[in-house]
Amino acid sequence: MSQAAFYALWGFVFVLPWDPLANLPVVGSIPRIVGLVASAAGMLHILARRRVRPLSWFHVFAVLFVLWAGVSTFWSIDPDATRSRFITYLQLLVLVWLLWEIAWSPERQRALLQAYVLGVCVAAVATIHNYLSGDPWLSQGTWETTRFVALEQDPNELGVILALGLPMAWYLGLAQAQRGATWVWRLYMPLGITGILLTASRGAFLSALVALVIVPWTLGRVRLRTKVVLYALAVGSLMLATSFVPEASLERIQSTRADIEAGYFGGRIHTWMAGLEVAREHPLAGVGAGGFGAAVAPTLHEAMASHQTYLEILVEQGIVGLLLFLALVAAVITPLRYLPPLERRLWIVLLASLAVGSMSLHLGHRKQSWFVMGLLAAQVALRPARTPVSRPRTVRVPHGPMLR
């Protein structure tokens with residue numbers, strides 16, 4: 001039963017980068033179906049085992065955060081949106097719990113990282129296919145010919161999803177026992193970078209730059225000959241991607257610095273200012289989970305997404321909700337120092353990349369964010385217990401004539 005539950009969870013992580021996928025007739029979306037199967041298999045495994053693992057502080061704060069989101073229904077300005085968001089949070093809570101209960105070994109945790117990388121490979125290939133087919137992104141009834149996506153996703157979210165796969169793939173290439181298999185994971189690097197550039201997402205591009213920090217940070221583990229090959233691969237990938245991606249997409253990415261210096265932030269600044277005004281009016285408890293769009297609609301004359309994770313939580317769940325969210329993040333970051341160097345660097349880069357992506361996207365209720373935090377919580381739980389360092393015993397030599 002344990003293996004069946006793990007395989008179901010593996011399949012869910014594999015389709016995780018495809019979310020949201022277009023609904024299929026009758027059965028619904030693929031990630032939803034696989035998620036329900038994984039949840040059912042995980043629950044059966046836990047019931048058959050008749051015991052659960054003690055929760056970590058991360059899980060405790062996650063439960064409190066989700067419960068606070070549910071309680072906010074009582075004062076929400078949009079009760080339907082709050083109930084929907086609460087159900088989403090409950091599903092995310094089940095996800096991190098299944099990771100905690102099922103991914104209990106380093107081998108299983110590494111296999112789930114492999115599943116995610118294989119999933120983003122599919123998303124990157126589908127994005128490239130749409131570009132070659134001349135199928136750009138349809139935004140509010142308008143075709144944006146400079147941006148290409150796959151699986152009907154938002155280009156900004158898809159770009160961050162692809163960026164998270166970069167450090168995972170690099171880590172798998174270093175941690176793989178078979179040398180031949182290392183290149184299978186490293187080949188995602190040019191594939192993922194090309195997909196990110198095709199989305200023309202400036203926030204995802206910044207997130208990818210942070211994700212690629214893992215390459216020079218871990219090259220000390222690689223032999224000189226391999227370093228030369230990897231540098232050649234990096235340069236070749238960059239040249240191939242820039243020559244393959246349309247110039248209009250690259251120009252949009254190149255405008256990142258000017259856009260930030262102008263304080264425009266892709267048109268988000270007006271939404272952020274409206275959100276801050278709402279936060280001043282409802283500082284402690286917020287307007288209710290999922291209520292950001294309804295809260296800023298009177299100012300912006302339409303419901304707008306927050307495009308900022310921490311501001312969204314502050315507006316919707318107030319200072320209490322934001323502190324609970326920051327507490328669960330801190331609870332999963334604190335034990336990082338006990339991990340081995342390679343794993344520690346992987347998770348530092350992953351969390352930093354996710355944090356950069358969160359500055360321009362609302363990722364607080366996305367499965368990819370909770371997957372990263374949930375898997376990290378499962379891994380840091382395997383850290384070796386600290387043992388007190390015993391001082392060397394001092395042996396006293398008695399004075400007197402030496403014995404012959």
# chains A, B, ... in the order shown; residues from 1 in each chain; ligands from 1
>>> residues_around(residues="stretch 74-81 of chain A", least_positions_apart="6", cutoff="12 Å", atoms="only C-alpha atoms", output="number ranges by chain")
A: 68, 87-88, 278, 282, 284-297, 303, 315-318
>>> select_by_dssp(residues="stretch 10-156 of chain A", states="alpha helix (DSSP H)", output="PyMOL selection string")
chain A and resi 10-15+30-49+57-71+79-102+106-132+155-156
>>> residues_around(residues="A:Val96", least_positions_apart="4", cutoff="9 Å", atoms="only C-alpha atoms", output="list in words")
His59, Gln91, Leu92, Trp100, Glu101, Trp370, Phe371, Met373, Gly374, Leu375, Ala377 and Ala378 of chain A
>>> write_last_selection(atoms="C-alpha atoms", output="PDB file, in the first residue's frame")
ATOM      1  CA  HIS A  59       2.509  22.071   9.653  1.00  0.00           C
ATOM      2  CA  GLN A  91      -6.399  20.897  -0.600  1.00  0.00           C
ATOM      3  CA  LEU A  92      -2.938  22.413  -0.243  1.00  0.00           C
ATOM      4  CA  TRP A 100       5.065  14.507   5.075  1.00  0.00           C
ATOM      5  CA  GLU A 101       3.570  11.023   5.455  1.00  0.00           C
ATOM      6  CA  TRP A 370       3.177  24.544  -1.251  1.00  0.00           C
ATOM      7  CA  PHE A 371       4.864  21.589  -2.939  1.00  0.00           C
ATOM      8  CA  MET A 373       7.645  24.121   1.105  1.00  0.00           C
ATOM      9  CA  GLY A 374       6.031  20.777   1.910  1.00  0.00           C
ATOM     10  CA  LEU A 375       8.836  18.730   0.382  1.00  0.00           C
ATOM     11  CA  ALA A 377       9.627  20.261   5.473  1.00  0.00           C
ATOM     12  CA  ALA A 378       9.801  16.519   4.820  1.00  0.00           C
TER      13      ALA A 378
END
>>> closest_residue(among="A:Leu151, A:Val94, A:Leu172, A:Val332", to="A:Gln109", atoms="only C-alpha atoms")
A:Leu172
>>> atom_distance(atom1="atom CA of A:Gly364", atom2="atom CA of A:Glu312")
8.3 Å
>>> closest_residue(among="A:Ser105, A:Pro54, A:Leu314, A:Lys367", to="A:Leu93", atoms="only C-alpha atoms")
A:Lys367
>>> residues_around(residues="A:Phe6", least_positions_apart="2", cutoff="12 Å", atoms="only C-alpha atoms", output="ChimeraX atom specification")
/A:1-4,8-13,37-46,98-105,107-109,111-112,115
>>> write_last_selection(atoms="N, CA, C and O atoms", output="short mmCIF file (atom, residue, chain, number, x, y, z; two decimals), in the first residue's frame")
data_model
loop_
_atom_site.label_atom_id
_atom_site.label_comp_id
_atom_site.auth_asym_id
_atom_site.auth_seq_id
_atom_site.Cartn_x
_atom_site.Cartn_y
_atom_site.Cartn_z
N MET A 1 0.83 -1.21 0.00
CA MET A 1 0.00 0.00 0.00
C MET A 1 0.86 1.26 0.00
O MET A 1 0.51 2.28 -0.59
N SER A 2 2.01 1.18 0.68
CA SER A 2 2.91 2.33 0.73
C SER A 2 3.41 2.68 -0.66
O SER A 2 3.46 3.85 -1.04
N GLN A 3 3.78 1.67 -1.44
CA GLN A 3 4.27 1.92 -2.80
C GLN A 3 3.17 2.49 -3.68
O GLN A 3 3.41 3.41 -4.47
N ALA A 4 1.96 1.97 -3.56
CA ALA A 4 0.85 2.48 -4.37
C ALA A 4 0.57 3.95 -4.05
O ALA A 4 0.34 4.77 -4.95
N ALA A 8 1.06 7.12 -6.71
CA ALA A 8 -0.02 8.07 -6.97
C ALA A 8 0.44 9.50 -6.70
O ALA A 8 0.13 10.42 -7.47
N LEU A 9 1.20 9.69 -5.61
CA LEU A 9 1.73 11.01 -5.30
C LEU A 9 2.73 11.45 -6.36
O LEU A 9 2.76 12.63 -6.76
N TRP A 10 3.55 10.52 -6.83
CA TRP A 10 4.51 10.82 -7.91
C TRP A 10 3.78 11.30 -9.16
O TRP A 10 4.19 12.28 -9.79
N GLY A 11 2.69 10.61 -9.50
CA GLY A 11 1.92 11.02 -10.67
C GLY A 11 1.32 12.41 -10.51
O GLY A 11 1.27 13.19 -11.46
N PHE A 12 0.89 12.73 -9.29
CA PHE A 12 0.32 14.06 -9.06
C PHE A 12 1.39 15.14 -9.21
O PHE A 12 1.13 16.20 -9.79
N VAL A 13 2.58 14.90 -8.68
CA VAL A 13 3.67 15.88 -8.81
C VAL A 13 4.06 16.03 -10.28
O VAL A 13 4.41 17.12 -10.73
N VAL A 37 -7.00 11.00 -6.87
CA VAL A 37 -6.51 9.62 -6.75
C VAL A 37 -5.37 9.56 -5.73
O VAL A 37 -5.33 8.65 -4.88
N ALA A 38 -4.44 10.52 -5.82
CA ALA A 38 -3.31 10.54 -4.88
C ALA A 38 -3.79 10.74 -3.44
O ALA A 38 -3.28 10.11 -2.51
N SER A 39 -4.78 11.61 -3.26
CA SER A 39 -5.31 11.85 -1.90
C SER A 39 -5.97 10.59 -1.36
O SER A 39 -5.77 10.22 -0.19
N ALA A 40 -6.76 9.92 -2.20
CA ALA A 40 -7.44 8.70 -1.74
C ALA A 40 -6.43 7.61 -1.40
O ALA A 40 -6.54 6.95 -0.35
N ALA A 41 -5.43 7.43 -2.26
CA ALA A 41 -4.41 6.40 -1.99
C ALA A 41 -3.61 6.73 -0.74
O ALA A 41 -3.29 5.84 0.06
N GLY A 42 -3.29 8.01 -0.56
CA GLY A 42 -2.55 8.41 0.63
C GLY A 42 -3.35 8.19 1.91
O GLY A 42 -2.82 7.70 2.91
N MET A 43 -4.63 8.53 1.88
CA MET A 43 -5.47 8.32 3.05
C MET A 43 -5.59 6.85 3.39
O MET A 43 -5.54 6.45 4.57
N LEU A 44 -5.79 5.99 2.37
CA LEU A 44 -5.87 4.55 2.61
C LEU A 44 -4.58 4.02 3.21
O LEU A 44 -4.59 3.17 4.11
N HIS A 45 -3.44 4.52 2.71
CA HIS A 45 -2.14 4.10 3.25
C HIS A 45 -2.01 4.50 4.72
O HIS A 45 -1.56 3.69 5.55
N ILE A 46 -2.42 5.70 5.06
CA ILE A 46 -2.31 6.16 6.45
C ILE A 46 -3.25 5.38 7.36
O ILE A 46 -2.89 5.00 8.48
N LEU A 98 0.42 14.82 2.82
CA LEU A 98 0.78 13.60 2.10
C LEU A 98 2.29 13.55 1.84
O LEU A 98 2.91 12.47 1.93
N LEU A 99 2.88 14.68 1.51
CA LEU A 99 4.34 14.72 1.35
C LEU A 99 5.03 14.33 2.65
O LEU A 99 6.03 13.60 2.65
N TRP A 100 4.50 14.80 3.76
CA TRP A 100 5.06 14.51 5.07
C TRP A 100 4.95 13.02 5.42
O TRP A 100 5.87 12.42 5.97
N GLU A 101 3.82 12.41 5.09
CA GLU A 101 3.57 11.02 5.46
C GLU A 101 4.18 10.02 4.49
O GLU A 101 4.60 8.93 4.89
N ILE A 102 4.25 10.37 3.20
CA ILE A 102 4.65 9.39 2.18
C ILE A 102 6.09 9.58 1.74
O ILE A 102 6.82 8.59 1.52
N ALA A 103 6.53 10.83 1.58
CA ALA A 103 7.91 11.09 1.12
C ALA A 103 8.85 11.11 2.31
O ALA A 103 9.45 12.13 2.64
N TRP A 104 9.02 9.96 2.97
CA TRP A 104 9.76 9.91 4.24
C TRP A 104 11.23 9.54 4.06
O TRP A 104 11.96 9.47 5.03
N SER A 105 11.68 9.30 2.84
CA SER A 105 13.07 8.92 2.63
C SER A 105 13.71 9.83 1.59
O SER A 105 13.02 10.40 0.74
N GLU A 107 15.38 8.99 -0.98
CA GLU A 107 15.14 8.43 -2.32
C GLU A 107 13.77 8.84 -2.85
O GLU A 107 13.63 9.21 -4.03
N ARG A 108 12.77 8.81 -1.99
CA ARG A 108 11.43 9.22 -2.43
C ARG A 108 11.37 10.72 -2.70
O ARG A 108 10.72 11.16 -3.65
N GLN A 109 12.04 11.50 -1.89
CA GLN A 109 12.06 12.95 -2.10
C GLN A 109 12.75 13.29 -3.42
O GLN A 109 12.30 14.16 -4.16
N ALA A 111 12.91 11.31 -5.98
CA ALA A 111 12.02 10.86 -7.06
C ALA A 111 10.91 11.87 -7.33
O ALA A 111 10.50 12.06 -8.49
N LEU A 112 10.43 12.56 -6.30
CA LEU A 112 9.40 13.58 -6.51
C LEU A 112 9.97 14.80 -7.23
O LEU A 112 9.28 15.43 -8.04
N ALA A 115 9.96 13.83 -10.74
CA ALA A 115 8.61 13.93 -11.31
C ALA A 115 8.30 15.36 -11.72
O ALA A 115 7.73 15.61 -12.80
#
>>> closest_atom_pairs(of="stretch 176-254 of chain A", to="stretch 360-363 of chain A", cutoff="10 Å", atoms="only C-alpha atoms", output="CSV")
residue,atom,partner,partner_atom,distance
A:Arg202,CA,A:Ser360,CA,9.2
A:Gly203,CA,A:Ser360,CA,6.1
A:Ala204,CA,A:Ser360,CA,8.8
>>> write_last_selection(atoms="N, CA, C and O atoms", output="compact mmCIF listing (two decimals), in the first residue's frame")
# COMPACT_ATOMS: atom_id res chain seq x y z
N ARG A 202 8.68 39.05 -17.49
CA ARG A 202 9.82 39.70 -16.85
C ARG A 202 10.02 39.21 -15.41
O ARG A 202 11.15 39.03 -14.96
N GLY A 203 8.92 38.98 -14.70
CA GLY A 203 9.05 38.44 -13.35
C GLY A 203 9.64 37.04 -13.36
O GLY A 203 10.48 36.71 -12.52
N ALA A 204 9.21 36.21 -14.31
CA ALA A 204 9.75 34.85 -14.41
C ALA A 204 11.21 34.89 -14.83
O ALA A 204 12.00 34.04 -14.40
>>> closest_residue(among="A:Ile333, A:Val60, A:Leu224, A:Val215", to="A:Leu166", atoms="only C-alpha atoms")
A:Val215
>>> atom_distance(atom1="atom CA of A:Ile128", atom2="atom CA of A:Gly195")
6.4 Å
>>> atom_distance(atom1="atom CA of A:Ala163", atom2="atom CA of A:Leu276")
28.7 Å
>>> residues_around(residues="A:Ser201", least_positions_apart="4", cutoff="10 Å", atoms="only C-alpha atoms", output="list in words")
Arg147, Phe148, Asp154, Pro155, Asn156, Glu157, Leu158, Gly159, Val160, Ile196, Leu197, Phe205, Leu206, Ser207, Ser249, Leu250, Arg252, Ile253 and Thr256 of chain A
>>> closest_residue(among="A:Thr242, A:Pro106, A:Leu191, A:Thr309", to="A:Pro340", atoms="only C-alpha atoms")
A:Pro106
>>> closest_residue(among="A:Arg110, A:Arg186, A:Arg366, A:Arg83", to="A:Asp19", atoms="only C-alpha atoms")
A:Arg366
>>> closest_residue(among="A:Ala274, A:Met168, A:Ala352, A:Ile33", to="A:Val210", atoms="only C-alpha atoms")
A:Ala352
>>> residues_around(residues="A:Arg337", least_positions_apart="4", cutoff="10 Å", atoms="only C-alpha atoms", output="tab-separated table (two decimals) with N, CA and C atoms, in the first residue's frame")
chain	number	residue	atom	x	y	z
A	333	ILE	N	12.37	27.27	6.95
A	333	ILE	CA	13.70	27.78	6.60
A	333	ILE	C	14.71	27.53	7.71
A	341	PRO	N	25.56	20.14	2.43
A	341	PRO	CA	25.79	21.37	1.65
A	341	PRO	C	25.03	21.42	0.32
A	344	ARG	N	21.31	21.85	0.95
A	344	ARG	CA	21.06	23.18	1.53
A	344	ARG	C	21.09	24.24	0.44
A	345	ARG	N	22.04	24.16	-0.47
A	345	ARG	CA	22.12	25.15	-1.54
A	345	ARG	C	20.93	25.02	-2.49
A	380	VAL	N	13.93	18.32	5.77
A	380	VAL	CA	14.64	18.80	6.96
A	380	VAL	C	14.30	17.95	8.18
A	383	ARG	N	17.05	15.46	9.09
A	383	ARG	CA	18.36	15.93	9.49
A	383	ARG	C	18.85	15.12	10.69
